[in-house]
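Shown next: protein_17.txt, given as compact mmCIF, C-alpha atoms.
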```txt
# COMPACT_ATOMS: atom_id res chain seq x y z
CA MET A 299 143.27 126.16 102.59
CA TYR A 300 142.04 126.00 98.99
CA GLU A 301 140.55 129.06 97.35
CA THR A 302 137.00 128.83 95.95
CA SER A 303 134.88 131.15 93.84
CA LEU A 304 131.43 130.35 95.24
CA SER A 305 130.31 131.31 98.73
CA PRO A 306 128.30 128.77 100.77
CA GLU A 307 125.51 131.35 100.97
CA ASP A 308 125.27 131.62 97.16
CA VAL A 309 125.25 127.85 96.72
CA ALA A 310 122.56 127.47 99.40
CA ARG A 311 120.43 130.16 97.75
CA VAL A 312 120.65 128.60 94.28
CA THR A 313 119.99 125.03 95.44
CA ALA A 314 117.26 125.87 97.97
CA ARG A 315 114.44 124.83 95.63
CA LEU A 316 115.82 121.30 95.29
CA SER A 317 114.33 118.76 97.64
CA THR A 318 115.91 115.54 98.83
CA VAL A 319 114.42 112.55 97.06
CA GLU A 320 113.23 109.98 99.59
CA ARG A 321 113.56 106.43 98.30
CA SER A 322 111.64 103.60 99.91
CA TRP A 323 112.19 99.87 99.87
CA PRO A 324 109.48 97.25 100.40
CA VAL A 325 109.39 96.05 103.98
CA GLY A 326 108.92 92.42 104.97
CA ARG A 327 108.40 89.29 102.96
CA GLN A 328 107.18 89.31 99.37
CA PRO A 329 105.32 86.17 98.28
CA VAL A 330 106.67 84.39 95.23
CA HIS A 331 103.18 84.08 93.76
CA THR A 332 99.51 84.92 94.10
CA CYS A 333 97.02 82.09 93.69
CA TYR A 334 93.70 83.25 92.27
CA VAL A 335 90.78 81.04 93.31
CA PRO A 336 87.18 81.92 92.34
CA ALA A 337 85.19 82.76 95.46
CA GLY A 338 82.57 80.11 94.67
CA ARG A 339 85.25 77.40 94.89
CA ILE A 340 86.71 78.46 98.24
CA ILE A 341 86.07 75.90 100.96
CA GLY A 342 87.60 75.23 104.34
CA THR A 343 90.28 72.92 102.92
CA THR A 344 91.20 74.96 99.83
CA VAL A 345 94.79 75.72 100.86
CA ALA A 346 95.50 72.14 101.93
CA ASP A 347 93.75 70.81 98.81
CA TRP A 348 96.02 72.86 96.52
CA GLY A 349 99.07 71.46 98.29
CA ARG A 350 97.80 67.89 98.11
CA GLU A 351 96.83 68.17 94.44
CA ALA A 352 100.20 69.69 93.60
CA LEU A 353 102.04 66.85 95.32
CA GLU A 354 99.89 64.23 93.63
CA SER A 355 100.59 65.78 90.24
CA ILE A 356 104.37 65.39 90.48
CA GLU A 357 105.96 63.19 87.85
CA PRO A 358 109.71 63.86 88.05
CA GLU A 359 110.38 62.58 84.53
CA LEU A 360 108.10 65.30 83.09
CA LEU A 361 109.72 68.18 84.98
CA PRO A 362 112.60 70.34 83.72
CA GLU A 363 116.05 69.39 84.99
CA LEU A 364 116.53 70.76 88.50
CA PRO A 365 119.56 71.28 90.78
CA GLU A 366 120.29 68.43 93.17
CA GLY A 367 117.91 68.46 96.14
CA ALA A 368 115.58 71.08 94.65
CA LEU A 369 112.64 68.72 94.09
CA GLU A 370 112.81 67.51 97.69
CA ARG A 371 112.64 71.12 98.84
CA VAL A 372 109.65 71.71 96.58
CA GLU A 373 107.83 68.72 98.02
CA ALA A 374 108.56 69.88 101.57
CA LYS A 375 107.27 73.35 100.70
CA LEU A 376 104.04 71.94 99.28
CA ARG A 377 103.44 70.04 102.51
CA ARG A 378 104.35 72.95 104.77
CA GLU A 379 103.13 76.07 102.96
CA PRO A 380 101.66 75.40 99.51
CA ILE A 381 100.20 78.90 99.02
CA GLU A 382 102.10 82.03 99.99
CA ASP A 383 99.46 84.51 98.82
CA LEU A 384 95.78 83.65 98.25
CA ARG A 385 93.45 85.94 96.36
CA ILE A 386 89.75 85.18 96.66
CA ASP A 387 88.49 86.17 93.24
CA PHE A 388 85.21 87.97 92.61
CA GLU A 389 86.17 89.25 89.15
CA ASP A 390 86.97 87.46 85.87
CA GLY A 391 87.52 84.03 87.36
CA TYR A 392 84.29 84.30 89.34
CA GLY A 393 81.86 85.64 86.77
CA ALA A 394 78.55 87.40 87.39
CA PRO A 395 76.19 85.23 89.45
CA GLU A 396 72.94 86.51 90.95
CA ASP A 397 73.43 89.17 93.61
CA ASP A 398 72.29 86.93 96.45
CA VAL A 399 74.88 84.31 95.45
CA GLU A 400 77.73 86.84 95.42
CA ASP A 401 76.51 88.28 98.73
CA MET A 402 76.59 84.80 100.27
CA ASP A 403 80.05 84.02 98.83
CA ALA A 404 81.43 87.34 100.08
CA GLU A 405 80.32 86.64 103.62
CA SER A 406 81.22 82.94 103.71
CA THR A 407 84.74 83.38 102.29
CA ALA A 408 85.47 86.20 104.75
CA ILE A 409 84.33 84.00 107.63
CA LEU A 410 86.58 81.20 106.35
CA LEU A 411 89.57 83.51 106.10
CA ALA A 412 88.98 84.77 109.65
CA ARG A 413 88.81 81.16 110.84
CA TRP A 414 92.08 80.27 109.07
CA VAL A 415 93.79 83.26 110.67
CA ALA A 416 92.48 82.29 114.10
CA ASP A 417 93.67 78.68 113.88
CA GLY A 418 97.00 79.51 112.24
CA THR A 419 96.34 77.85 108.88
CA ALA A 420 95.96 81.00 106.76
CA PRO A 421 98.56 81.71 104.05
CA PRO A 422 101.12 84.40 104.97
CA SER A 423 99.30 86.83 102.64
CA SER A 424 95.71 86.93 101.46
CA GLY A 425 92.94 89.15 100.18
CA LEU A 426 90.22 89.49 97.58
CA ARG A 427 89.86 90.81 94.07
CA ILE A 428 86.75 92.86 93.51
CA LYS A 429 85.06 93.75 90.26
CA SER A 430 86.41 96.65 88.24
CA PHE A 431 85.09 100.19 87.95
CA ASP A 432 84.48 99.75 84.21
CA THR A 433 80.76 100.46 84.54
CA ALA A 434 78.47 101.80 87.26
CA GLU A 435 76.92 98.35 87.63
CA LEU A 436 80.27 96.61 88.13
CA ARG A 437 81.45 99.35 90.48
CA GLU A 438 78.39 99.09 92.71
CA ARG A 439 78.59 95.30 92.77
CA GLY A 440 82.29 95.32 93.56
CA LEU A 441 81.94 97.78 96.41
CA ARG A 442 78.99 95.89 97.89
CA THR A 443 81.05 92.69 97.82
CA LEU A 444 83.94 94.50 99.49
CA ASP A 445 81.63 95.89 102.18
CA ILE A 446 80.08 92.51 102.97
CA PHE A 447 83.49 90.83 102.99
CA LEU A 448 85.22 93.35 105.26
CA THR A 449 82.24 93.49 107.62
CA ALA A 450 82.21 89.71 108.00
CA LEU A 451 86.00 89.51 108.26
CA GLY A 452 86.24 91.92 111.19
CA GLU A 453 89.85 92.45 112.18
CA ILE A 454 92.12 92.82 109.17
CA PRO A 455 94.81 90.09 109.22
CA PRO A 456 98.50 90.75 108.52
CA GLY A 457 99.37 90.68 104.85
CA PHE A 458 95.80 91.42 103.74
CA VAL A 459 95.44 93.27 100.42
CA ILE A 460 92.63 94.16 98.02
CA THR A 461 93.18 93.73 94.30
CA PHE A 462 91.78 96.58 92.18
CA PRO A 463 91.49 95.38 88.56
CA LYS A 464 91.41 97.04 85.13
CA VAL A 465 92.38 100.51 86.34
CA THR A 466 92.19 103.11 83.59
CA SER A 467 92.38 106.49 85.33
CA VAL A 468 93.70 108.43 88.29
CA ASP A 469 90.12 109.23 89.26
CA GLN A 470 89.39 105.55 89.80
CA VAL A 471 92.37 105.19 92.13
CA GLU A 472 91.45 108.34 94.06
CA VAL A 473 87.84 107.24 94.49
CA PHE A 474 88.80 103.74 95.57
CA GLY A 475 91.16 105.20 98.17
CA GLU A 476 88.37 107.44 99.45
CA VAL A 477 86.06 104.42 99.72
CA LEU A 478 88.69 102.62 101.79
CA ASP A 479 88.91 105.72 104.01
CA LEU A 480 85.25 105.13 104.90
CA PHE A 481 86.12 101.74 106.39
CA GLY A 482 88.86 103.24 108.55
CA GLY A 483 92.09 101.47 109.38
CA ASP A 484 95.08 100.84 107.17
CA LEU A 485 93.57 98.98 104.22
CA ARG A 486 95.99 98.48 101.34
CA PHE A 487 95.43 97.60 97.71
CA GLU A 488 97.33 96.51 94.65
CA ILE A 489 96.64 97.85 91.18
CA GLN A 490 96.28 95.43 88.30
CA VAL A 491 98.12 96.82 85.31
CA GLU A 492 96.08 95.23 82.53
CA THR A 493 94.91 98.13 80.37
CA THR A 494 96.89 100.22 77.92
CA GLN A 495 95.64 103.31 79.79
CA SER A 496 97.43 102.09 82.92
CA ILE A 497 100.74 102.32 81.05
CA VAL A 498 100.34 105.50 78.98
CA ASP A 499 97.40 107.82 79.62
CA GLY A 500 95.36 109.75 77.08
CA GLU A 501 97.78 112.67 77.20
CA GLY A 502 100.86 110.55 76.47
CA ARG A 503 102.16 110.48 80.06
CA LEU A 504 103.20 107.45 82.07
CA ALA A 505 100.15 106.63 84.15
CA ILE A 506 101.55 104.54 87.00
CA PRO A 507 103.43 107.28 88.90
CA ARG A 508 100.18 109.25 89.13
CA PHE A 509 98.28 106.11 90.20
CA ILE A 510 100.73 105.51 93.04
CA GLU A 511 100.53 109.14 94.14
CA ALA A 512 96.73 109.06 94.01
CA GLY A 513 96.74 106.03 96.31
CA ARG A 514 98.11 108.16 99.16
CA GLY A 515 100.29 105.39 100.56
CA ARG A 516 97.69 102.64 100.22
CA VAL A 517 99.12 101.10 97.03
CA THR A 518 101.42 98.18 97.87
CA GLY A 519 101.74 96.41 94.56
CA LEU A 520 101.41 96.47 90.78
CA HIS A 521 100.22 93.19 89.27
CA PHE A 522 100.50 92.67 85.53
CA GLY A 523 97.50 91.22 83.67
CA THR A 524 98.76 89.23 80.70
CA TYR A 525 95.63 88.60 78.72
CA ASP A 526 93.60 91.77 79.17
CA TYR A 527 96.69 93.84 78.37
CA THR A 528 97.73 91.92 75.26
CA ALA A 529 94.14 91.87 74.03
CA GLY A 530 94.02 95.63 74.56
CA CYS A 531 97.12 95.93 72.38
CA GLY A 532 95.30 94.12 69.59
CA LEU A 533 97.37 90.93 69.70
CA SER A 534 95.86 87.73 68.38
CA ALA A 535 95.19 84.89 70.81
CA ALA A 536 98.31 82.99 69.76
CA GLN A 537 100.48 86.01 70.63
CA GLN A 538 98.92 86.66 74.03
CA HIS A 539 101.66 85.39 76.33
CA LEU A 540 104.09 86.74 78.91
CA ALA A 541 107.14 86.50 76.68
CA HIS A 542 105.71 88.87 74.05
CA GLY A 543 107.53 92.16 73.53
CA ALA A 544 104.38 94.13 74.35
CA CYS A 545 104.43 92.60 77.83
CA ASP A 546 108.12 93.38 78.23
CA PHE A 547 107.44 97.04 77.43
CA ALA A 548 104.63 97.23 79.99
CA ARG A 549 106.72 95.55 82.65
CA HIS A 550 109.68 97.84 82.10
CA VAL A 551 107.33 100.80 82.52
CA MET A 552 106.07 99.23 85.74
CA GLN A 553 109.65 98.84 86.97
CA VAL A 554 110.80 102.37 86.33
CA SER A 555 107.54 103.81 87.63
CA ALA A 556 107.66 101.90 90.92
CA ALA A 557 111.41 102.14 91.54
CA GLY A 558 112.17 103.72 94.89
CA THR A 559 108.49 103.89 95.94
CA GLY A 560 108.31 100.73 98.04
CA VAL A 561 105.60 99.38 95.72
CA ARG A 562 106.18 95.75 94.74
CA LEU A 563 105.82 94.17 91.32
CA SER A 564 104.13 90.95 90.27
CA ASP A 565 104.15 89.37 86.85
CA GLY A 566 101.07 87.87 85.27
CA SER A 567 99.92 84.33 84.57
CA THR A 568 100.00 81.72 81.86
CA ASN A 569 96.79 79.92 80.93
CA VAL A 570 98.72 76.93 79.60
CA LEU A 571 97.92 74.47 82.38
CA PRO A 572 99.92 71.31 83.20
CA VAL A 573 97.03 68.88 82.98
CA GLY A 574 96.21 65.74 81.03
CA ASP A 575 98.18 65.08 77.90
CA GLN A 576 99.74 68.56 78.00
CA LYS A 577 101.20 68.24 81.50
CA LYS A 578 104.80 68.32 80.30
CA HIS A 579 104.10 71.19 77.91
CA GLY A 580 102.28 73.09 80.65
CA TRP A 581 105.10 72.57 83.14
CA ASP A 582 107.80 73.49 80.60
CA THR A 583 105.91 76.66 79.69
CA HIS A 584 105.25 77.72 83.29
CA TYR A 585 108.80 76.93 84.41
CA ARG A 586 110.33 78.86 81.49
CA LEU A 587 108.11 81.90 82.03
CA THR A 588 108.71 81.90 85.80
CA ARG A 589 112.47 81.83 85.26
CA ARG A 590 112.15 84.59 82.67
CA SER A 591 110.19 86.73 85.11
CA LEU A 592 112.85 86.28 87.78
CA GLU A 593 115.57 87.22 85.30
CA HIS A 594 113.60 90.37 84.46
CA GLY A 595 113.35 91.37 88.13
CA PHE A 596 109.78 90.20 88.77
CA HIS A 597 109.92 88.02 91.86
CA GLN A 598 106.21 87.26 92.07
CA GLY A 599 103.62 85.97 89.59
CA TRP A 600 100.14 84.50 89.31
CA ASP A 601 99.29 80.82 89.61
CA LEU A 602 95.92 79.54 88.42
CA HIS A 603 96.07 75.79 89.07
CA PRO A 604 97.48 73.56 91.84
CA ALA A 605 99.86 71.79 89.45
CA GLN A 606 101.48 75.14 88.65
CA LEU A 607 102.73 75.27 92.23
CA VAL A 608 105.17 72.50 91.35
CA THR A 609 106.95 74.49 88.64
CA ARG A 610 106.54 77.78 90.51
CA TYR A 611 108.62 76.53 93.41
CA ALA A 612 110.88 74.43 91.18
CA ALA A 613 111.77 77.46 89.05
CA VAL A 614 112.17 79.79 92.04
CA TYR A 615 114.29 77.34 94.00
CA ALA A 616 116.48 76.52 91.00
CA PHE A 617 117.01 80.23 90.33
CA TYR A 618 118.21 80.94 93.86
CA ARG A 619 120.23 77.78 94.36
CA GLU A 620 122.05 78.18 91.05
CA GLY A 621 123.01 81.72 92.02
CA LEU A 622 124.15 80.92 95.56
CA GLU A 623 127.88 80.40 95.05
CA ALA A 624 128.63 83.21 92.59
CA ASP A 625 126.42 85.83 94.26
CA ALA A 626 127.72 84.96 97.73
CA ALA A 627 131.29 85.41 96.54
CA ARG A 628 130.47 88.83 95.05
CA LEU A 629 128.68 90.01 98.18
CA LYS A 630 131.42 88.77 100.46
CA ALA A 631 134.06 90.50 98.35
CA TYR A 632 132.09 93.75 98.47
CA VAL A 633 131.64 93.66 102.25
CA GLU A 634 135.28 92.75 102.83
CA ASN A 635 136.44 95.31 100.22
CA VAL A 636 138.41 92.67 98.38
CA SER A 637 139.50 93.34 94.80
CA GLY A 638 138.36 90.80 92.27
CA GLY A 639 137.17 90.32 88.73
CA VAL A 640 133.98 92.32 89.33
CA LEU A 641 133.90 95.77 90.90
CA ASP A 642 130.44 96.04 92.48
CA GLU A 643 128.81 99.23 93.69
CA PRO A 644 126.44 99.77 96.65
CA ALA A 645 123.36 99.37 94.42
CA THR A 646 124.52 95.90 93.40
CA ALA A 647 125.22 95.00 97.02
CA GLN A 648 121.60 95.93 97.74
CA ALA A 649 120.42 93.64 94.96
CA LEU A 650 122.65 90.79 96.15
CA SER A 651 121.42 91.12 99.72
CA SER A 652 117.79 91.19 98.57
CA PHE A 653 118.47 88.05 96.52
CA PHE A 654 119.46 86.11 99.64
CA LEU A 655 116.65 87.49 101.78
CA ARG A 656 114.04 86.46 99.21
CA ALA A 657 115.65 83.04 98.91
CA VAL A 658 115.42 82.47 102.66
CA ASP A 659 111.86 83.81 102.88
CA CYS A 660 110.53 81.32 100.33
CA GLY A 661 112.58 78.34 101.53
CA ALA A 662 114.94 78.05 98.58
CA LEU A 663 117.94 78.54 100.87
CA ASP A 664 118.43 78.01 104.59
CA PRO A 665 119.60 80.89 106.81
CA VAL A 666 122.60 78.87 107.93
CA GLU A 667 123.87 78.10 104.42
CA VAL A 668 123.42 81.74 103.44
CA GLN A 669 125.42 82.91 106.46
CA VAL A 670 128.15 80.36 105.77
CA ALA A 671 128.35 81.41 102.12
CA THR A 672 128.23 85.18 102.65
CA GLY A 673 129.53 85.62 106.19
CA LEU A 674 126.44 87.74 106.93
CA ASP A 675 123.46 87.04 109.16
CA GLU A 676 119.91 88.13 108.35
CA SER A 677 120.23 91.42 110.20
CA ALA A 678 123.33 92.39 108.22
CA LEU A 679 121.69 91.41 104.95
CA ARG A 680 118.64 93.55 105.69
CA GLY A 681 120.88 96.45 106.55
CA LEU A 682 122.62 96.22 103.18
CA ALA A 683 119.33 95.70 101.32
CA THR A 684 117.88 99.00 102.57
CA ARG A 685 121.01 101.13 102.64
CA SER A 686 121.03 104.21 100.42
CA SER A 687 123.50 104.02 97.59
```

Do you think you could lay out the structure here as structure tokens?
Amino acid sequence: MYETSLSPEDVARVTARLSTVERSWPVGRQPVHTCYVPAGRIIGTTVADWGREALESIEPELLPELPEGALERVEAKLRREPIEDLRIDFEDGYGAPEDDVEDMDAESTAILLARWVADGTAPPSSGLRIKSFDTAELRERGLRTLDIFLTALGEIPPGFVITFPKVTSVDQVEVFGEVLDLFGGDLRFEIQVETTQSIVDGEGRLAIPRFIEAGRGRVTGLHFGTYDYTAGCGLSAAQQHLAHGACDFARHVMQVSAAGTGVRLSDGSTNVLPVGDQKKHGWDTHYRLTRRSLEHGFHQGWDLHPAQLVTRYAAVYAFYREGLEADAARLKAYVENVSGGVLDEPATAQALSSFFLRAVDCGALDPVEVQVATGLDESALRGLATRSS
């Protein structure tokens, strides 16, 4: 028996004020993108139309070089499930029509969404973006739209989320949560991080941790807003893009603020569209930025045009397929406790497992090829992905 100097009672007394930190991991599938469509343009065939337009836009010679078989997978995805997350937009992309027009659009789009859910054609995730709380007028209009929409929608479908834009204060988050309490049920919302105040508040503190806490469990995501944020930083139009260092700073703050909370992250958009004479430039830009987001740990982003679906899935599929062999070998070595050139820790095993789960969810990899490569089925992967390190 070894001698010690400290009694268990003394240690317990000194450490009693420390609490165990509970870490959470996001549950279920995360979409690879969110497609923002102005509410006035939503019709019964919108989802199918985006898939058809994306397929019709494909010109292989204008696309970046892809791994063998990736383009075929992209085309199959566009036929099967072109949109993973649809956001019916009543904010910047929608504008400020007369009240009776917005009332009508709120009701009609909710009825359409309910119909899609009923007939099985709805995207896996969906929701609406309301107007911000910037002014009393915008706040009242946004909440009226939300009320009309939710009333017409009725039962809340799985994967439904409300986008709360241009958040600048904890008070706004608290009030919005209290409004959602009035509707009852388990309504969730995502915060758009697109103001400087949503990164660092007026007292020099990181704002996002307090936003998440103020949401009382309702906040499911943080979505970066490229152009409002960079404009707020005083950048000129030519410098307002996702690859700017100002955006990297904001996104790193988002990452460290949301880590361990179960709140998901989404990158922003690019307004360089792959249309007309700039199709190749638009695709190259979107592909490069999507890959960059993935490399920075942002597995979701915004898409603004059907043709962007082509490079969204092309970039995502290439990212996962290129990493299959090396990441599978590392995960297999970790599980089998085999010594090799890389000594991975439990946290890396979590990341590797999450990599394969996301790849299967979006269709980049098949469950069978993942199991063959790693020796693990989906259940085992999910166990590793949520295991405490």

Would you pick out the contacts of A:Glu488 at 9 Å or less, using all atoms listed in the file, so that residues sharing its chain but fewer than 3 positions from it are not included, and give the list as a ChimeraX atom specification? /A:459-463,516-521,561-562

Could you check the closest approach to A:Ser430 for each of A:Lys464, A:His539, A:Arg442, A:Arg656 and tell me which residue wins, using only C-alpha atoms? A:Lys464

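For the pair atom CA of A:Ile428 and atom CA of A:His584, the separation is 26.0 Å.
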
So that each row is one residue of stretch 394-441 of chain A with an atom at most 9 Å from stretch 332-336 of chain A, can you give its shortest atom pair and the distance in Å to one decimal, using all atoms listed in the file, rows by chain and rising number, as a tab-separated table?
```
residue	atom	partner	partner_atom	distance
A:Ser423	CA	A:Thr332	CA	8.8
A:Ser424	CA	A:Thr332	CA	8.5
A:Leu426	CA	A:Tyr334	CA	8.9
A:Arg427	CA	A:Tyr334	CA	8.7
```

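Among the candidate residues A:Ala337, A:Val666, A:Leu376, A:Ala624, the one lying nearest to A:Phe388 is A:Ala337, with distances computed using all atoms listed in the file.
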
Let me make sure I understand: among A:Leu480, A:Ala683, A:Ala374, A:Val570, which one has the smallest atom-to-atom distance to A:Phe654 if we use all atoms listed in the file? A:Ala683

List as an mmCIF file with C-alpha atoms, in the frame of the given file the protein and nucleic acid residues near A:Ala408, meaning an atom at most 10 Å away when all atoms listed in the file are counted, but skip any in the same chain fewer than 5 places from it.
```cif
data_model
loop_
_atom_site.group_PDB
_atom_site.id
_atom_site.type_symbol
_atom_site.label_atom_id
_atom_site.label_comp_id
_atom_site.auth_asym_id
_atom_site.auth_seq_id
_atom_site.Cartn_x
_atom_site.Cartn_y
_atom_site.Cartn_z
ATOM 1 C CA ALA A 337 85.190 82.760 95.460
ATOM 2 C CA ILE A 386 89.750 85.180 96.660
ATOM 3 C CA ASP A 403 80.050 84.020 98.830
ATOM 4 C CA ARG A 413 88.810 81.160 110.840
ATOM 5 C CA TRP A 414 92.080 80.270 109.070
ATOM 6 C CA GLY A 425 92.940 89.150 100.180
ATOM 7 C CA LEU A 426 90.220 89.490 97.580
ATOM 8 C CA LEU A 444 83.940 94.500 99.490
ATOM 9 C CA ILE A 446 80.080 92.510 102.970
ATOM 10 C CA PHE A 447 83.490 90.830 102.990
ATOM 11 C CA LEU A 448 85.220 93.350 105.260
ATOM 12 C CA THR A 449 82.240 93.490 107.620
ATOM 13 C CA ALA A 450 82.210 89.710 108.000
ATOM 14 C CA LEU A 451 86.000 89.510 108.260
ATOM 15 C CA GLY A 452 86.240 91.920 111.190
#
```

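Computed from the coordinates, the atom CA of A:Asp397 to atom CA of A:Trp600 distance equals 27.5 Å.
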
I'd like the neighbourhood of A:Asp659 as number ranges by chain, where a residue qualifies if any of its atoms comes within 9 Å (using all atoms listed in the file), though same-chain residues fewer than 5 positions away should be ignored. A: 327-329, 654, 664

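With distances restricted to only C-alpha atoms, A:Gly338 is the closest residue to A:Ser406 from A:Gly338, A:Gly482, A:Gly530, A:Gly515.
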
Considering all atoms listed in the file, return as number ranges by chain whatever protein or nucleic-acid residues lie within 12 Å of A:Ser652, sequence-local ones (same chain, fewer than 3 positions apart) excluded. A: 323-328, 595, 597, 618, 625-626, 629, 645-649, 655-659, 676-685

A straight line from atom CA of A:Gly599 to atom CA of A:Val330 spans 6.6 Å
